[in-house]
Structure formats: structure tokens, C-alpha cells
>>> print(open('start28.pdb').read())   # PDB, C-alpha atoms
MODEL        1
ATOM      1  CA  MET A   1      21.104 -35.508 109.236  1.00  0.00           C
ATOM      2  CA  GLU A   2      18.855 -33.261 107.192  1.00  0.00           C
ATOM      3  CA  HIS A   3      16.103 -30.865 108.177  1.00  0.00           C
ATOM      4  CA  PHE A   4      12.930 -31.026 106.102  1.00  0.00           C
ATOM      5  CA  PHE A   5      10.523 -28.093 105.942  1.00  0.00           C
ATOM      6  CA  TYR A   6       6.818 -27.966 105.236  1.00  0.00           C
ATOM      7  CA  GLY A   7       4.484 -25.115 104.406  1.00  0.00           C
ATOM      8  CA  ARG A   8       0.807 -25.038 103.546  1.00  0.00           C
ATOM      9  CA  VAL A   9      -1.739 -22.448 102.450  1.00  0.00           C
ATOM     10  CA  SER A  10      -5.465 -22.950 101.955  1.00  0.00           C
ATOM     11  CA  THR A  11      -5.975 -21.134  98.636  1.00  0.00           C
ATOM     12  CA  ALA A  12      -4.115 -20.906  95.346  1.00  0.00           C
ATOM     13  CA  GLN A  13      -4.026 -17.102  95.729  1.00  0.00           C
ATOM     14  CA  GLN A  14      -1.865 -17.403  98.855  1.00  0.00           C
ATOM     15  CA  THR A  15       1.843 -18.155  99.059  1.00  0.00           C
ATOM     16  CA  THR A  16       3.974 -20.102 101.528  1.00  0.00           C
ATOM     17  CA  GLU A  17       6.752 -17.503 101.245  1.00  0.00           C
ATOM     18  CA  ASN A  18       6.015 -15.957 104.686  1.00  0.00           C
ATOM     19  CA  GLN A  19       6.280 -19.378 106.336  1.00  0.00           C
ATOM     20  CA  ARG A  20       9.588 -19.994 104.565  1.00  0.00           C
ATOM     21  CA  LEU A  21      10.916 -16.576 105.653  1.00  0.00           C
ATOM     22  CA  GLU A  22       9.920 -17.253 109.285  1.00  0.00           C
ATOM     23  CA  LEU A  23      11.928 -20.462 109.232  1.00  0.00           C
ATOM     24  CA  GLU A  24      14.946 -18.800 107.612  1.00  0.00           C
ATOM     25  CA  GLN A  25      14.824 -15.909 110.111  1.00  0.00           C
ATOM     26  CA  ALA A  26      14.902 -18.513 112.883  1.00  0.00           C
ATOM     27  CA  GLY A  27      18.286 -19.626 111.532  1.00  0.00           C
ATOM     28  CA  TYR A  28      17.350 -22.569 109.314  1.00  0.00           C
ATOM     29  CA  LEU A  29      19.042 -22.934 105.925  1.00  0.00           C
ATOM     30  CA  ILE A  30      16.376 -24.285 103.578  1.00  0.00           C
ATOM     31  CA  LYS A  31      17.672 -26.240 100.611  1.00  0.00           C
ATOM     32  CA  PRO A  32      15.137 -26.352  97.744  1.00  0.00           C
ATOM     33  CA  GLU A  33      15.064 -30.166  97.729  1.00  0.00           C
ATOM     34  CA  PHE A  34      14.031 -30.190 101.402  1.00  0.00           C
ATOM     35  CA  TRP A  35      11.196 -27.624 101.110  1.00  0.00           C
ATOM     36  CA  PHE A  36       7.715 -29.090 100.614  1.00  0.00           C
ATOM     37  CA  ALA A  37       4.606 -26.938 100.230  1.00  0.00           C
ATOM     38  CA  ASP A  38       0.941 -27.683  99.655  1.00  0.00           C
ATOM     39  CA  ILE A  39      -0.774 -24.733  98.005  1.00  0.00           C
ATOM     40  CA  GLY A  40      -4.556 -24.544  97.885  1.00  0.00           C
ATOM     41  CA  VAL A  41      -4.987 -27.357 100.414  1.00  0.00           C
ATOM     42  CA  SER A  42      -7.169 -26.718 103.454  1.00  0.00           C
ATOM     43  CA  GLY A  43      -5.912 -27.635 106.904  1.00  0.00           C
ATOM     44  CA  LYS A  44      -9.053 -29.741 107.198  1.00  0.00           C
ATOM     45  CA  VAL A  45      -7.575 -32.157 104.642  1.00  0.00           C
ATOM     46  CA  CYS A  46      -5.767 -34.914 106.539  1.00  0.00           C
ATOM     47  CA  ALA A  47      -1.981 -34.694 106.330  1.00  0.00           C
ATOM     48  CA  ASN A  48      -1.834 -38.137 104.700  1.00  0.00           C
ATOM     49  CA  GLN A  49      -3.982 -36.851 101.808  1.00  0.00           C
ATOM     50  CA  ARG A  50      -1.867 -33.798 100.909  1.00  0.00           C
ATOM     51  CA  PRO A  51       0.386 -34.333  97.837  1.00  0.00           C
ATOM     52  CA  ALA A  52       3.496 -32.450  99.028  1.00  0.00           C
ATOM     53  CA  PHE A  53       3.209 -33.850 102.541  1.00  0.00           C
ATOM     54  CA  ILE A  54       3.024 -37.384 101.126  1.00  0.00           C
ATOM     55  CA  ARG A  55       6.213 -36.755  99.116  1.00  0.00           C
ATOM     56  CA  LEU A  56       7.913 -35.367 102.246  1.00  0.00           C
ATOM     57  CA  LYS A  57       6.982 -38.496 104.230  1.00  0.00           C
ATOM     58  CA  GLU A  58       8.417 -40.710 101.498  1.00  0.00           C
ATOM     59  CA  LYS A  59      11.802 -38.932 101.617  1.00  0.00           C
ATOM     60  CA  ILE A  60      12.332 -38.221 105.324  1.00  0.00           C
ATOM     61  CA  ARG A  61      14.322 -40.831 107.263  1.00  0.00           C
ATOM     62  CA  SER A  62      15.035 -41.779 110.856  1.00  0.00           C
ATOM     63  CA  GLY A  63      17.227 -39.259 112.641  1.00  0.00           C
ATOM     64  CA  GLU A  64      16.042 -36.384 110.448  1.00  0.00           C
ATOM     65  CA  THR A  65      13.821 -33.485 111.476  1.00  0.00           C
ATOM     66  CA  LEU A  66      10.615 -31.939 110.144  1.00  0.00           C
ATOM     67  CA  VAL A  67      10.262 -28.211 110.860  1.00  0.00           C
ATOM     68  CA  VAL A  68       7.081 -26.143 110.385  1.00  0.00           C
ATOM     69  CA  SER A  69       6.435 -22.520 111.296  1.00  0.00           C
ATOM     70  CA  LYS A  70       3.095 -23.063 113.073  1.00  0.00           C
ATOM     71  CA  LEU A  71       1.148 -26.026 114.408  1.00  0.00           C
ATOM     72  CA  ASP A  72      -1.858 -25.318 112.181  1.00  0.00           C
ATOM     73  CA  ARG A  73       0.314 -25.998 109.102  1.00  0.00           C
ATOM     74  CA  LEU A  74       0.219 -29.665 110.123  1.00  0.00           C
ATOM     75  CA  GLY A  75      -3.577 -29.536 110.431  1.00  0.00           C
ATOM     76  CA  ARG A  76      -6.449 -27.833 112.217  1.00  0.00           C
ATOM     77  CA  ASP A  77      -7.784 -31.092 113.616  1.00  0.00           C
ATOM     78  CA  ALA A  78      -6.028 -32.028 116.862  1.00  0.00           C
ATOM     79  CA  ILE A  79      -6.463 -35.758 116.230  1.00  0.00           C
ATOM     80  CA  ASP A  80      -4.828 -35.511 112.784  1.00  0.00           C
ATOM     81  CA  VAL A  81      -1.907 -33.500 114.198  1.00  0.00           C
ATOM     82  CA  LEU A  82      -1.435 -35.974 117.051  1.00  0.00           C
ATOM     83  CA  GLN A  83      -1.480 -38.944 114.658  1.00  0.00           C
ATOM     84  CA  THR A  84       0.986 -37.242 112.309  1.00  0.00           C
ATOM     85  CA  VAL A  85       3.410 -36.436 115.125  1.00  0.00           C
ATOM     86  CA  LYS A  86       3.050 -39.962 116.538  1.00  0.00           C
ATOM     87  CA  GLU A  87       3.745 -41.479 113.099  1.00  0.00           C
ATOM     88  CA  PHE A  88       6.907 -39.394 112.669  1.00  0.00           C
ATOM     89  CA  GLY A  89       8.002 -40.223 116.232  1.00  0.00           C
ATOM     90  CA  SER A  90       7.622 -43.946 115.569  1.00  0.00           C
ATOM     91  CA  LYS A  91       9.951 -43.548 112.547  1.00  0.00           C
ATOM     92  CA  GLY A  92      12.561 -41.720 114.624  1.00  0.00           C
ATOM     93  CA  VAL A  93      11.819 -38.347 113.009  1.00  0.00           C
ATOM     94  CA  LYS A  94      11.718 -35.215 115.157  1.00  0.00           C
ATOM     95  CA  VAL A  95       8.909 -32.677 114.620  1.00  0.00           C
ATOM     96  CA  ILE A  96       9.664 -29.070 115.505  1.00  0.00           C
ATOM     97  CA  VAL A  97       7.104 -26.261 115.457  1.00  0.00           C
ATOM     98  CA  LEU A  98       8.786 -22.857 115.480  1.00  0.00           C
ATOM     99  CA  GLN A  99       5.716 -21.225 117.075  1.00  0.00           C
ATOM    100  CA  LEU A 100       6.079 -23.510 120.110  1.00  0.00           C
ATOM    101  CA  GLY A 101       9.662 -22.537 120.842  1.00  0.00           C
ATOM    102  CA  ASN A 102      11.560 -25.202 118.879  1.00  0.00           C
ATOM    103  CA  THR A 103      10.213 -27.984 121.100  1.00  0.00           C
ATOM    104  CA  ASP A 104      10.467 -31.442 119.546  1.00  0.00           C
ATOM    105  CA  LEU A 105       6.864 -32.654 119.598  1.00  0.00           C
ATOM    106  CA  THR A 106       7.991 -36.290 119.573  1.00  0.00           C
ATOM    107  CA  SER A 107       9.850 -35.812 122.890  1.00  0.00           C
ATOM    108  CA  PRO A 108       8.076 -36.416 126.233  1.00  0.00           C
ATOM    109  CA  ALA A 109       7.796 -32.639 126.820  1.00  0.00           C
ATOM    110  CA  GLY A 110       6.489 -32.153 123.269  1.00  0.00           C
ATOM    111  CA  LYS A 111       3.888 -34.900 123.707  1.00  0.00           C
ATOM    112  CA  LEU A 112       2.720 -33.262 126.939  1.00  0.00           C
ATOM    113  CA  LEU A 113       2.491 -29.901 125.178  1.00  0.00           C
ATOM    114  CA  LEU A 114       0.451 -31.439 122.342  1.00  0.00           C
ATOM    115  CA  MET A 115      -1.913 -33.124 124.802  1.00  0.00           C
ATOM    116  CA  MET A 116      -2.471 -29.832 126.621  1.00  0.00           C
ATOM    117  CA  LEU A 117      -3.093 -27.980 123.357  1.00  0.00           C
ATOM    118  CA  SER A 118      -5.502 -30.707 122.293  1.00  0.00           C
ATOM    119  CA  ALA A 119      -7.391 -30.455 125.600  1.00  0.00           C
ATOM    120  CA  VAL A 120      -7.632 -26.660 125.285  1.00  0.00           C
ATOM    121  CA  ALA A 121      -8.876 -26.966 121.685  1.00  0.00           C
ATOM    122  CA  GLU A 122     -11.520 -29.486 122.777  1.00  0.00           C
ATOM    123  CA  MET A 123     -12.615 -27.189 125.611  1.00  0.00           C
ATOM    124  CA  GLU A 124     -12.885 -24.272 123.153  1.00  0.00           C
ATOM    125  CA  ARG A 125     -15.051 -26.383 120.829  1.00  0.00           C
ATOM    126  CA  ASP A 126     -17.302 -27.384 123.748  1.00  0.00           C
ATOM    127  CA  LEU A 127     -17.622 -23.755 124.873  1.00  0.00           C
ATOM    128  CA  LEU A 128     -18.472 -22.690 121.328  1.00  0.00           C
ATOM    129  CA  VAL A 129     -21.227 -25.314 121.135  1.00  0.00           C
ATOM    130  CA  GLU A 130     -22.508 -24.255 124.555  1.00  0.00           C
ATOM    131  CA  ARG A 131     -22.605 -20.563 123.553  1.00  0.00           C
ATOM    132  CA  THR A 132     -24.311 -21.409 120.258  1.00  0.00           C
ATOM    133  CA  GLN A 133     -27.004 -23.450 122.029  1.00  0.00           C
ATOM    134  CA  ALA A 134     -27.562 -20.654 124.573  1.00  0.00           C
ATOM    135  CA  GLY A 135     -27.889 -18.112 121.749  1.00  0.00           C
ATOM    136  CA  LEU A 136     -30.392 -20.290 119.888  1.00  0.00           C
ATOM    137  CA  ALA A 137     -32.445 -20.822 123.063  1.00  0.00           C
ATOM    138  CA  ARG A 138     -32.483 -17.058 123.729  1.00  0.00           C
ATOM    139  CA  ALA A 139     -33.525 -16.313 120.137  1.00  0.00           C
ATOM    140  CA  LYS A 140     -36.356 -18.867 120.367  1.00  0.00           C
ATOM    141  CA  ALA A 141     -37.503 -17.379 123.688  1.00  0.00           C
ATOM    142  CA  GLU A 142     -37.585 -13.937 122.052  1.00  0.00           C
ATOM    143  CA  GLY A 143     -39.783 -15.356 119.285  1.00  0.00           C
ATOM    144  CA  LYS A 144     -37.220 -14.959 116.514  1.00  0.00           C
ATOM    145  CA  MET A 145     -37.514 -17.164 113.454  1.00  0.00           C
ATOM    146  CA  LEU A 146     -34.610 -19.579 113.191  1.00  0.00           C
ATOM    147  CA  GLY A 147     -33.337 -21.345 110.140  1.00  0.00           C
ATOM    148  CA  ARG A 148     -33.646 -20.617 106.463  1.00  0.00           C
ATOM    149  CA  PRO A 149     -36.589 -18.437 105.391  1.00  0.00           C
ATOM    150  CA  SER A 150     -39.455 -20.339 103.822  1.00  0.00           C
ATOM    151  CA  LYS A 151     -39.552 -20.431 100.027  1.00  0.00           C
ATOM    152  CA  THR A 152     -43.324 -20.237 100.111  1.00  0.00           C
ATOM    153  CA  THR A 153     -45.724 -17.709 101.614  1.00  0.00           C
ATOM    154  CA  VAL A 154     -48.548 -18.540 104.012  1.00  0.00           C
ATOM    155  CA  GLU A 155     -51.015 -18.168 101.122  1.00  0.00           C
ATOM    156  CA  GLN A 156     -48.974 -20.483  98.896  1.00  0.00           C
ATOM    157  CA  ARG A 157     -48.807 -23.090 101.656  1.00  0.00           C
ATOM    158  CA  ALA A 158     -52.620 -22.989 101.963  1.00  0.00           C
ATOM    159  CA  VAL A 159     -52.938 -23.580  98.196  1.00  0.00           C
ATOM    160  CA  ILE A 160     -50.381 -26.404  98.380  1.00  0.00           C
ATOM    161  CA  ILE A 161     -52.350 -28.081 101.182  1.00  0.00           C
ATOM    162  CA  SER A 162     -55.624 -27.787  99.238  1.00  0.00           C
ATOM    163  CA  LYS A 163     -54.013 -29.262  96.107  1.00  0.00           C
ATOM    164  CA  LEU A 164     -52.569 -32.174  98.103  1.00  0.00           C
ATOM    165  CA  GLN A 165     -55.985 -32.756  99.723  1.00  0.00           C
ATOM    166  CA  ALA A 166     -57.507 -32.798  96.222  1.00  0.00           C
ATOM    167  CA  GLY A 167     -55.137 -35.640  95.286  1.00  0.00           C
ATOM    168  CA  VAL A 168     -52.518 -33.764  93.238  1.00  0.00           C
ATOM    169  CA  SER A 169     -49.155 -35.533  93.546  1.00  0.00           C
ATOM    170  CA  VAL A 170     -46.291 -34.108  95.577  1.00  0.00           C
ATOM    171  CA  SER A 171     -44.100 -33.987  92.453  1.00  0.00           C
ATOM    172  CA  ALA A 172     -46.693 -32.054  90.448  1.00  0.00           C
ATOM    173  CA  VAL A 173     -47.176 -29.509  93.235  1.00  0.00           C
ATOM    174  CA  ALA A 174     -43.397 -29.141  93.631  1.00  0.00           C
ATOM    175  CA  ARG A 175     -43.019 -28.429  89.893  1.00  0.00           C
ATOM    176  CA  GLU A 176     -45.866 -25.898  89.945  1.00  0.00           C
ATOM    177  CA  PHE A 177     -44.399 -23.928  92.869  1.00  0.00           C
ATOM    178  CA  LYS A 178     -40.774 -24.422  91.733  1.00  0.00           C
ATOM    179  CA  VAL A 179     -39.643 -25.937  95.037  1.00  0.00           C
ATOM    180  CA  SER A 180     -38.238 -29.332  95.960  1.00  0.00           C
ATOM    181  CA  ARG A 181     -40.355 -32.374  96.744  1.00  0.00           C
ATOM    182  CA  ALA A 182     -38.851 -32.228 100.256  1.00  0.00           C
ATOM    183  CA  SER A 183     -40.314 -28.725 100.715  1.00  0.00           C
ATOM    184  CA  ILE A 184     -43.786 -29.934  99.708  1.00  0.00           C
ATOM    185  CA  ILE A 185     -43.483 -32.998 101.960  1.00  0.00           C
ATOM    186  CA  GLY A 186     -42.421 -30.723 104.835  1.00  0.00           C
ATOM    187  CA  ILE A 187     -45.460 -28.498 104.290  1.00  0.00           C
ATOM    188  CA  ARG A 188     -47.681 -31.589 104.093  1.00  0.00           C
ATOM    189  CA  ASP A 189     -46.207 -33.143 107.235  1.00  0.00           C
ATOM    190  CA  ASN A 190     -46.548 -29.923 109.236  1.00  0.00           C
ATOM    191  CA  ASP A 191     -50.204 -29.408 108.274  1.00  0.00           C
ATOM    192  CA  THR A 192     -52.672 -30.379 110.997  1.00  0.00           C
ATOM    193  CA  VAL A 193     -55.577 -30.799 108.517  1.00  0.00           C
ATOM    194  CA  LEU A 194     -53.731 -33.455 106.499  1.00  0.00           C
ATOM    195  CA  LYS A 195     -52.644 -35.295 109.637  1.00  0.00           C
ATOM    196  CA  ILE A 196     -56.248 -35.878 110.781  1.00  0.00           C
TER     197      ILE A 196
ENDMDL
END
>>> encode(input="start28.pdb", output="C-alpha cells")
Amino acid sequence: MEHFFYGRVSTAQQTTENQRLELEQAGYLIKPEFWFADIGVSGKVCANQRPAFIRLKEKIRSGETLVVSKLDRLGRDAIDVLQTVKEFGSKGVKVIVLQLGNTDLTSPAGKLLLMMLSAVAEMERDLLVERTQAGLARAKAEGKMLGRPSKTTVEQRAVIISKLQAGVSVSAVAREFKVSRASIIGIRDNDTVLKI
């Protein structure tokens, strides 16, 4: 039974050659017809939407093996990776990630390893969100301005409010100040005089 190999890089300026060399140095003989590479395809793109990966899935058969150098070549999203591995497992195809010590991810031990990695990734995402929220709260408490800087000055906002009060349309004011209608509506909605 054959071994299939997959490589992926996110930009067209990169090459999959390092991934191929890693696999060859691990003792795999890579025949050109069994090497599939997506170049310029982000890991955020689902595996089932990558051209080379789709071709690989069409050719690989039960009893054969897919080998990748690192887990993130299959995808950065844990759910996508889990679904991909599960799909290959259901077809009788082994999935080996060199980075994880040649463990077959479709085996019981491989599934356990994937679940643990998924749980750690989820915990890292939760911690990142928690740290971000804490940082934002601290910045607010220190009186720092958050978000994008305003496109209009305090003086311009006063003129905008007076024009709106005089009956000039939102679109006309937006054109005059070269900002979006949404910006003018935001200024209008945040003005206490217009709300009364």
C-alpha cells in the first residue's frame, strides 16, 4: 500500500520544500505522483476546500497512509483537523503526523492525542480572550482611548450636530465632511442635544 504526502504553505512566496525534506529525512521515499502541495493557501481554509488536498482525497484508498510533517499543515482549526482525520479513518486511511512521533491519528491512541491537543488549543484561546479582556478593562480604567481614532475633530462634530439640527440630511453632511453616513449617524446618535 502506498504512502501519500501533503504539504501546504500560506503564501505564493513560500515553498513546501522544507516539509518535503523533513519527510524524506524521516525515511520516507516520496514518489512525485504521491506528493500533493497547496501553495498560497492559508491553514484557515478548510481542508475540503484546498485544490491539492481534494485531489489527494480522490486518489487515496483504504489501507493507504497520509503523512504530513506537522499538524498545522492539515489546518489551524482543531475542528477541521478532527473532521479530516475522522473522515480518513472512516475510509480506512491512516494519518501520520511526523511532528507527533509517527503516531497514527486514526488509532485509539492518536484520537486521544488529538482530543488532548484540541482541549489545550481551546484552553489557549480562552486564556487569550481572558487576557485581552483584562487588558481592555485596565486600559479603560487608566482612561486610555480605545478603538479607532475619530475621523472628525471635536469642532467638526459640533458643526455636524448644528447642521443636522438645521435639517441638513445625513448624506449631505457625510459628503461635506468626507466621512461615511455611518460616522455621521454615530455622531448624531451620541449627541445628547439631538436625543432630547
>>> resolve_selection(input="start28.pdb", expression="the PyMOL selection byres ((chain A and resi 113-118) around 10)", output="number ranges by chain")
A: 71, 77-79, 81-82, 85, 100, 103-112, 119-124
>>> residues_around(input="start28.pdb", residues="Arg61 in chain A", least_positions_apart="5", cutoff="10 Å", atoms="all atoms listed in the file", output="list in words")
Met1, Glu2, Phe4, Leu56, Phe88, Lys91, Gly92 and Val93 of chain A
>>> residues_around(input="start28.pdb", residues="Gly27 in chain A", least_positions_apart="6", cutoff="12 Å", atoms="all atoms listed in the file", output="JSON, numbers by chain")
{"A": [3, 20, 21, 67, 98, 102]}
>>> resolve_selection(input="start28.pdb", expression="the PyMOL selection byres ((chain A and resi 8) around 8)", output="ChimeraX atom specification")
/A:6-7,9-10,16,37-41,43,73
>>> atom_distance(input="start28.pdb", atom1="CA of Glu64 in chain A", atom2="CA of Val45 in chain A")
24.7 Å
>>> closest_residue(input="start28.pdb", among="A:Gly89, A:Gly186, A:Gly167, A:Gly101", to="Ile60 in chain A", atoms="only C-alpha atoms")
A:Gly89
>>> axis_aligned_box(input="start28.pdb", around="range 166-181 of chain A", padding_each_side="6 Å", output="lines of an AutoDock Vina configuration file")
center_x = -47.9
center_y = -29.8
center_z = 93.3
size_x = 31.3
size_y = 23.7
size_z = 18.9
>>> closest_residue(input="start28.pdb", among="A:Ala139, A:Leu74, A:Ile184, A:Val129", to="Cys46 in chain A", atoms="only C-alpha atoms")
A:Leu74
>>> closest_residue(input="start28.pdb", among="A:Val170, A:Ser42, A:Leu29, A:Ile187", to="Thr11 in chain A", atoms="only C-alpha atoms")
A:Ser42
>>> atom_distance(input="start28.pdb", atom1="CA of Asn48 in chain A", atom2="CA of Val68 in chain A")
16.0 Å
>>> closest_residue(input="start28.pdb", among="A:Asp80, A:Glu142, A:Glu176, A:Glu130", to="Gln156 in chain A", atoms="all atoms listed in the file")
A:Glu176
